[in-house]
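Novice: Sharing start.tsv, TSV, C-alpha atoms:
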chain	number	residue	atom	x	y	z
B	103	MET	CA	12.56	17.27	19.92
B	104	SER	CA	14.22	16.24	23.20
B	105	HIS	CA	11.26	17.52	25.24
B	106	SER	CA	8.75	15.73	23.01
B	107	ARG	CA	10.74	12.51	23.24
B	108	GLU	CA	10.83	12.63	27.02
B	109	THR	CA	7.11	13.38	27.11
B	110	ILE	CA	6.34	10.29	25.01
B	111	PHE	CA	8.65	8.05	27.05
B	112	GLY	CA	7.13	9.42	30.26
B	113	ARG	CA	3.65	8.46	29.13
B	114	ILE	CA	4.85	4.97	28.20
B	115	ARG	CA	6.43	4.52	31.62
B	116	THR	CA	3.20	5.66	33.28
B	117	ALA	CA	1.15	3.23	31.23
B	118	LEU	CA	3.47	0.34	32.14
B	119	LYS	CA	3.93	1.09	35.83
B	120	ASP	CA	1.59	-1.73	36.93
B	121	VAL	CA	3.31	-4.37	34.76
B	122	PRO	CA	5.46	-6.76	36.83
B	123	ALA	CA	9.15	-6.68	35.93
B	124	SER	CA	9.12	-10.45	35.45
B	125	GLU	CA	6.32	-10.41	32.88
B	126	THR	CA	7.21	-11.30	29.28
B	127	PRO	CA	5.17	-10.84	26.08
B	128	GLU	CA	4.47	-14.59	26.06
B	129	ASP	CA	2.71	-14.26	29.43
B	130	VAL	CA	-0.06	-12.12	27.94
B	131	LYS	CA	-2.68	-14.09	26.06
B	132	ILE	CA	-3.85	-12.43	22.85
B	133	ASP	CA	-7.48	-12.82	21.92
B	134	ARG	CA	-7.56	-14.22	18.39
B	135	SER	CA	-11.26	-14.95	18.24
B	136	TYR	CA	-11.74	-12.27	15.59
B	137	LEU	CA	-13.14	-13.14	12.17
B	138	THR	CA	-10.41	-14.51	9.91
B	139	VAL	CA	-12.45	-15.46	6.84
B	140	ASP	CA	-15.25	-13.48	5.22
B	141	PRO	CA	-18.13	-15.88	4.43
B	142	SER	CA	-19.75	-13.48	1.95
B	143	PRO	CA	-20.47	-14.76	-1.57
B	144	ARG	CA	-17.68	-14.11	-4.10
B	145	ALA	CA	-19.85	-11.65	-6.03
B	146	ASP	CA	-20.32	-9.55	-2.88
B	147	LEU	CA	-16.58	-9.53	-2.11
B	148	ILE	CA	-15.73	-8.39	-5.61
B	149	ARG	CA	-18.40	-5.68	-5.57
B	150	ARG	CA	-17.19	-4.46	-2.17
B	151	PHE	CA	-13.57	-4.38	-3.35
B	152	ILE	CA	-14.48	-2.25	-6.36
B	153	GLU	CA	-16.55	0.13	-4.22
B	154	ARG	CA	-13.83	0.56	-1.61
B	155	VAL	CA	-11.08	1.13	-4.17
B	156	SER	CA	-13.23	3.78	-5.84
B	157	GLU	CA	-13.79	5.53	-2.51
B	158	TYR	CA	-10.03	6.18	-2.33
B	159	ARG	CA	-10.21	8.29	-5.52
B	160	ALA	CA	-8.68	5.49	-7.53
B	161	LYS	CA	-10.08	4.65	-10.94
B	162	VAL	CA	-11.53	1.17	-11.37
B	163	LYS	CA	-12.87	-0.69	-14.37
B	164	THR	CA	-13.73	-4.29	-15.08
B	165	THR	CA	-12.97	-6.47	-18.07
B	166	THR	CA	-12.54	-10.07	-19.16
B	167	ALA	CA	-9.29	-11.95	-19.69
B	168	ASP	CA	-9.77	-11.85	-23.47
B	169	ASP	CA	-10.36	-8.10	-23.44
B	170	LEU	CA	-7.60	-7.25	-20.95
B	171	PRO	CA	-5.03	-6.09	-23.58
B	172	ARG	CA	-7.63	-3.77	-25.09
B	173	ALA	CA	-8.62	-2.40	-21.67
B	174	ILE	CA	-4.97	-1.67	-20.87
B	175	ALA	CA	-4.46	0.01	-24.25
B	176	GLU	CA	-7.54	2.19	-23.72
B	177	SER	CA	-6.35	3.30	-20.26
B	178	CYS	CA	-2.93	4.21	-21.62
B	179	ALA	CA	-4.40	6.04	-24.63
B	180	ALA	CA	-6.73	8.04	-22.38
B	181	ARG	CA	-3.71	9.43	-20.52
B	182	GLY	CA	-1.58	9.95	-23.62
B	183	ILE	CA	1.07	7.55	-22.33
B	184	GLN	CA	4.08	7.08	-24.59
B	185	LYS	CA	6.70	5.59	-22.25
B	186	LEU	CA	5.48	2.80	-19.99
B	187	VAL	CA	7.52	0.99	-17.33
B	188	VAL	CA	6.81	-2.75	-17.13
B	189	PRO	CA	8.35	-5.60	-15.11
B	190	SER	CA	10.54	-8.04	-17.02
B	191	ASP	CA	8.09	-10.90	-16.51
B	192	LEU	CA	4.90	-9.05	-17.38
B	193	PRO	CA	2.83	-11.17	-19.83
B	194	GLU	CA	3.82	-10.22	-23.36
B	195	ASP	CA	0.30	-9.48	-24.59
B	196	TRP	CA	-0.58	-7.10	-21.76
B	197	ALA	CA	1.47	-4.08	-22.80
B	198	PRO	CA	0.29	-2.08	-25.84
B	199	ALA	CA	2.55	-2.69	-28.83
B	200	ASP	CA	2.56	0.95	-29.96
B	201	LEU	CA	4.18	2.23	-26.74
B	202	ALA	CA	7.83	2.59	-25.81
B	203	LEU	CA	8.21	-0.08	-23.13
B	204	ILE	CA	10.82	0.54	-20.47
B	205	ARG	CA	11.52	-2.92	-19.10
B	206	GLU	CA	13.16	-3.95	-15.90
B	207	PRO	CA	15.70	-4.85	-14.63
B	208	GLY	CA	18.29	-2.10	-14.49
B	209	LEU	CA	16.18	1.04	-14.79
B	210	THR	CA	17.61	4.16	-13.20
B	211	ILE	CA	15.72	6.54	-10.93
B	212	ASP	CA	15.78	9.13	-13.73
B	213	GLN	CA	14.21	6.68	-16.19
B	214	LEU	CA	11.47	5.82	-13.71
B	215	GLU	CA	10.71	9.44	-12.84
B	216	HIS	CA	10.50	10.50	-16.48
B	217	SER	CA	8.27	7.66	-17.60
B	218	ASP	CA	4.55	8.23	-18.14
B	219	GLY	CA	3.50	5.41	-15.84
B	220	VAL	CA	3.92	1.81	-14.79
B	221	LEU	CA	1.88	-1.31	-15.52
B	222	THR	CA	1.96	-4.25	-13.09
B	223	ALA	CA	0.10	-7.24	-11.78
B	224	CYS	CA	-0.43	-7.65	-8.03
B	225	ALA	CA	-0.41	-10.29	-5.30
B	226	LEU	CA	-3.99	-9.85	-4.08
B	227	GLY	CA	-6.71	-7.40	-3.16
B	228	ILE	CA	-8.62	-6.91	0.12
B	229	ALA	CA	-12.34	-6.21	-0.13
B	230	GLN	CA	-12.64	-5.02	3.47
B	231	THR	CA	-10.26	-2.11	2.93
B	232	GLY	CA	-10.13	-1.66	-0.83
B	233	THR	CA	-6.42	-2.40	-0.74
B	234	VAL	CA	-4.16	-3.71	-3.49
B	235	VAL	CA	-1.15	-5.67	-2.25
B	236	LEU	CA	2.18	-6.10	-4.00
B	237	ASP	CA	4.70	-8.67	-2.78
B	238	SER	CA	7.40	-8.47	-5.47
B	239	GLY	CA	5.97	-11.60	-7.06
B	240	PRO	CA	5.26	-12.41	-10.73
B	241	GLY	CA	4.42	-9.41	-12.90
B	242	GLN	CA	5.13	-6.86	-10.17
B	243	GLY	CA	8.83	-6.01	-10.37
B	244	ARG	CA	10.81	-4.32	-7.63
B	245	ARG	CA	9.18	-1.84	-5.30
B	246	ALA	CA	10.78	1.27	-6.83
B	247	ILE	CA	8.98	0.93	-10.16
B	248	THR	CA	5.60	1.42	-8.47
B	249	LEU	CA	6.71	4.33	-6.29
B	250	LEU	CA	8.42	6.73	-8.69
B	251	PRO	CA	6.15	6.93	-11.80
B	252	ASP	CA	3.20	9.32	-11.41
B	253	TYR	CA	0.65	6.79	-12.72
B	254	HIS	CA	0.19	3.16	-11.69
B	255	LEU	CA	-2.04	0.87	-13.75
B	256	CYS	CA	-2.56	-2.33	-11.79
B	257	VAL	CA	-4.26	-5.54	-12.95
B	258	ILE	CA	-6.02	-7.83	-10.48
B	259	PHE	CA	-7.97	-10.99	-11.22
B	260	GLU	CA	-11.18	-11.70	-9.31
B	261	HIS	CA	-9.77	-14.89	-7.79
B	262	GLN	CA	-7.05	-12.79	-6.13
B	263	ILE	CA	-9.57	-10.83	-4.06
B	264	VAL	CA	-9.98	-11.88	-0.43
B	265	GLY	CA	-12.46	-10.56	2.09
B	266	LEU	CA	-10.47	-9.59	5.17
B	267	VAL	CA	-7.02	-8.41	6.20
B	268	PRO	CA	-6.28	-11.64	8.15
B	269	GLU	CA	-6.92	-13.62	4.95
B	270	ALA	CA	-4.44	-11.44	3.10
B	271	VAL	CA	-1.81	-11.78	5.82
B	272	ALA	CA	-2.10	-15.58	5.71
B	273	LYS	CA	-1.60	-15.61	1.93
B	274	LEU	CA	1.45	-13.35	2.23
B	275	GLU	CA	3.32	-15.65	4.62
B	276	THR	CA	5.84	-16.87	2.03
B	277	ALA	CA	6.68	-13.37	0.83
B	278	ALA	CA	6.94	-12.08	4.40
B	279	ALA	CA	9.52	-14.77	5.20
B	280	SER	CA	11.74	-13.67	2.31
B	281	PRO	CA	14.17	-10.78	2.98
B	282	ASP	CA	14.17	-9.72	-0.68
B	283	ARG	CA	10.40	-9.50	-1.19
B	284	PRO	CA	9.07	-6.24	0.28
B	285	ILE	CA	5.29	-6.10	0.70
B	286	THR	CA	3.39	-2.95	-0.20
B	287	PHE	CA	-0.25	-2.22	0.73
B	288	ILE	CA	-1.82	0.34	-1.60
B	289	SER	CA	-5.10	1.96	-0.61
B	290	GLY	CA	-5.70	4.56	-3.30
B	291	PRO	CA	-3.27	7.09	-4.80
B	292	SER	CA	-0.41	8.33	-2.65
B	293	ALA	CA	-1.65	11.22	-0.51
B	294	THR	CA	-0.93	13.11	2.68
B	295	SER	CA	-2.39	16.03	4.59
B	296	ASP	CA	-0.63	18.83	6.43
B	297	ILE	CA	-1.64	20.16	9.82
B	298	GLU	CA	-4.45	22.17	8.24
B	299	LEU	CA	-5.75	19.02	6.50
B	300	ASN	CA	-4.89	20.21	3.01
B	301	ARG	CA	-4.73	17.03	0.95
B	302	VAL	CA	-1.76	16.64	-1.40
B	303	GLU	CA	-1.56	13.65	-3.75
B	304	GLY	CA	1.50	12.05	-5.29
B	305	VAL	CA	3.86	12.70	-2.37
B	306	HIS	CA	5.10	9.20	-1.54
B	307	GLY	CA	4.05	7.37	-4.69
B	308	PRO	CA	1.85	7.64	-7.80
B	309	ARG	CA	-0.58	10.53	-7.94
B	310	THR	CA	-3.00	8.40	-9.95
B	311	LEU	CA	-3.92	4.76	-9.35
B	312	GLU	CA	-6.04	2.83	-11.81
B	313	VAL	CA	-7.13	-0.75	-11.16
B	314	ILE	CA	-8.41	-3.16	-13.78
B	315	VAL	CA	-10.42	-6.04	-12.31
B	316	VAL	CA	-10.42	-9.10	-14.58
B	317	ALA	CA	-13.47	-11.35	-14.34
B	318	SER	CA	-12.97	-15.04	-13.68
B	319	PRO	CA	-14.11	-17.41	-16.45
B	320	GLY	CA	-17.67	-18.61	-16.09
Using structure tokens, write down the structure that the file contains.

Specialist:
Amino acid sequence: MSHSRETIFGRIRTALKDVPASETPEDVKIDRSYLTVDPSPRADLIRRFIERVSEYRAKVKTTTADDLPRAIAESCAARGIQKLVVPSDLPEDWAPADLALIREPGLTIDQLEHSDGVLTACALGIAQTGTVVLDSGPGQGRRAITLLPDYHLCVIFEHQIVGLVPEAVAKLETAAASPDRPITFISGPSATSDIELNRVEGVHGPRTLEVIVVASPG
């Protein structure tokens, strides 16, 4: 470890050897001429978001606001879910009535790990990367409830989908300024690969991610 550390620091020193000692970060102008807003039609952004989420091995389906409770119930029934974790402020009609709901706050790690899954809303989605973002806002609960259960069922409305990462960052400014609102970017189910590139899912979060996209009225 010591040798590796010194190797890394040595390379950093080599890369910085031509930087004047008096130079500060403010002295270096950052090019911010990159695209900050995707001008694509809304229909294209939504279609791209669904495609990208699916590419991450996440399950995606679409529904309407009126049919959302039924879509949630069908997803839970398909997995045989009996105990479902939900945030305290999740809309009352979202969660299936025939399930044992484990509501925040105050859930223990053991309760979260032995649940069948978690149902939440989200802050927004990014079409460019197929990413769902949580910011501890309404209907999302604390971060732990979406990390420990093996299955995460997440609801996103079409108006929450933005085109690019810079758009998402701008919308997350309020949450980012709050010390008690961690932000989580989710691009597919939790997965990692070892040195031989053997993919293992469910290591740092849910093994299965399912996203329900709710169409905007009209």

Novice: Please report as CSV every residue of stretch 103-178 of chain B lying within 12 Å of stretch 216-235 of chain B, along with the nearest atom pair and their distance in Å (one decimal), using all atoms listed in the file.

Specialist:
residue,atom,partner,partner_atom,distance
B:Leu137,CA,B:Gln230,CA,11.9
B:Thr138,CA,B:Gln230,CA,11.7
B:Val139,CA,B:Gln230,CA,11.0
B:Asp140,CA,B:Gln230,CA,9.0
B:Ser142,CA,B:Ala229,CA,10.6
B:Pro143,CA,B:Ala229,CA,11.9
B:Arg144,CA,B:Ala229,CA,10.3
B:Ala145,CA,B:Ala229,CA,11.0
B:Asp146,CA,B:Ala229,CA,9.1
B:Leu147,CA,B:Ala229,CA,5.7
B:Ile148,CA,B:Ala229,CA,6.8
B:Arg149,CA,B:Ala229,CA,8.2
B:Arg150,CA,B:Ala229,CA,5.5
B:Phe151,CA,B:Ala229,CA,3.9
B:Ile152,CA,B:Gly232,CA,7.1
B:Glu153,CA,B:Gly232,CA,7.5
B:Arg154,CA,B:Gly232,CA,4.4
B:Val155,CA,B:Gly232,CA,4.5
B:Ser156,CA,B:Gly232,CA,8.0
B:Glu157,CA,B:Gly232,CA,8.2
B:Tyr158,CA,B:Gly232,CA,8.0
B:Arg159,CA,B:Gly232,CA,11.0
B:Ala160,CA,B:Gly232,CA,9.9
B:Lys161,CA,B:Gly232,CA,11.9
B:Val162,CA,B:Gly232,CA,11.0
B:Leu170,CA,B:Ala223,CA,12.0
B:Pro171,CA,B:Leu221,CA,11.6
B:Ile174,CA,B:Leu221,CA,8.7
B:Ala175,CA,B:Leu221,CA,10.9
B:Ser177,CA,B:Leu221,CA,10.6
B:Cys178,CA,B:Gly219,CA,8.7

Novice: Please write the residues from the selection above to a file, keeping C-alpha atoms, as a PDB file, in the frame of the given file.

Specialist:
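selection22.pdb written:
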ATOM      1  CA  LEU B 137     -13.140 -13.140  12.170  1.00  0.00           C
ATOM      2  CA  THR B 138     -10.410 -14.510   9.910  1.00  0.00           C
ATOM      3  CA  VAL B 139     -12.450 -15.460   6.840  1.00  0.00           C
ATOM      4  CA  ASP B 140     -15.250 -13.480   5.220  1.00  0.00           C
ATOM      5  CA  SER B 142     -19.750 -13.480   1.950  1.00  0.00           C
ATOM      6  CA  PRO B 143     -20.470 -14.760  -1.570  1.00  0.00           C
ATOM      7  CA  ARG B 144     -17.680 -14.110  -4.100  1.00  0.00           C
ATOM      8  CA  ALA B 145     -19.850 -11.650  -6.030  1.00  0.00           C
ATOM      9  CA  ASP B 146     -20.320  -9.550  -2.880  1.00  0.00           C
ATOM     10  CA  LEU B 147     -16.580  -9.530  -2.110  1.00  0.00           C
ATOM     11  CA  ILE B 148     -15.730  -8.390  -5.610  1.00  0.00           C
ATOM     12  CA  ARG B 149     -18.400  -5.680  -5.570  1.00  0.00           C
ATOM     13  CA  ARG B 150     -17.190  -4.460  -2.170  1.00  0.00           C
ATOM     14  CA  PHE B 151     -13.570  -4.380  -3.350  1.00  0.00           C
ATOM     15  CA  ILE B 152     -14.480  -2.250  -6.360  1.00  0.00           C
ATOM     16  CA  GLU B 153     -16.550   0.130  -4.220  1.00  0.00           C
ATOM     17  CA  ARG B 154     -13.830   0.560  -1.610  1.00  0.00           C
ATOM     18  CA  VAL B 155     -11.080   1.130  -4.170  1.00  0.00           C
ATOM     19  CA  SER B 156     -13.230   3.780  -5.840  1.00  0.00           C
ATOM     20  CA  GLU B 157     -13.790   5.530  -2.510  1.00  0.00           C
ATOM     21  CA  TYR B 158     -10.030   6.180  -2.330  1.00  0.00           C
ATOM     22  CA  ARG B 159     -10.210   8.290  -5.520  1.00  0.00           C
ATOM     23  CA  ALA B 160      -8.680   5.490  -7.530  1.00  0.00           C
ATOM     24  CA  LYS B 161     -10.080   4.650 -10.940  1.00  0.00           C
ATOM     25  CA  VAL B 162     -11.530   1.170 -11.370  1.00  0.00           C
ATOM     26  CA  LEU B 170      -7.600  -7.250 -20.950  1.00  0.00           C
ATOM     27  CA  PRO B 171      -5.030  -6.090 -23.580  1.00  0.00           C
ATOM     28  CA  ILE B 174      -4.970  -1.670 -20.870  1.00  0.00           C
ATOM     29  CA  ALA B 175      -4.460   0.010 -24.250  1.00  0.00           C
ATOM     30  CA  SER B 177      -6.350   3.300 -20.260  1.00  0.00           C
ATOM     31  CA  CYS B 178      -2.930   4.210 -21.620  1.00  0.00           C
TER      32      CYS B 178
END

Novice: List the neighbours of B:Pro284 out to 9 Å using only C-alpha atoms; skip same-chain residues closer than 3 positions along the sequence, and give me the result as number ranges by chain.

Specialist: B: 236-238, 244-245, 277-278, 280-281

Novice: Just how far from atom CA of B:Glu176 is atom CA of B:Asp252, in Å to one decimal?

Specialist: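 Straight-line distance from atom CA of B:Asp252 to atom CA of B:Glu176 works out to 17.8 Å.
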
Novice: Kindly compute an axis-aligned box around the listed atoms of stretch 162-170 of chain B, allowing 6 Å on each side, and express its centre and edge lengths in Å to one decimal as JSON.

Specialist:
{"center_x": -10.7, "center_y": -5.4, "center_z": -17.4, "size_x": 18.1, "size_y": 25.1, "size_z": 24.1}

Novice: Would you mind telling me which residue in B:Leu214, B:Ile285, B:Val316, B:Ala179 lies nearest to B:Ile258 when using only C-alpha atoms?

Specialist: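 Closest candidate: B:Val316.
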
Novice: Go ahead and compute the interatomic distance for atom CA of B:Thr126 and atom CA of B:Ile114, in Å to one decimal.

Specialist: 16.5 Å

Novice: Tell me which of B:Val130, B:Val315, B:Ile204, B:Val121 sits closest to B:Cys256, counting only C-alpha atoms.

Specialist: B:Val315

Novice: Could you tell me which of B:Ile288, B:Leu203, B:Leu255, B:Leu192 comes closest to B:Gly243 if we count only C-alpha atoms?

Specialist: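 Closest candidate: B:Leu192.
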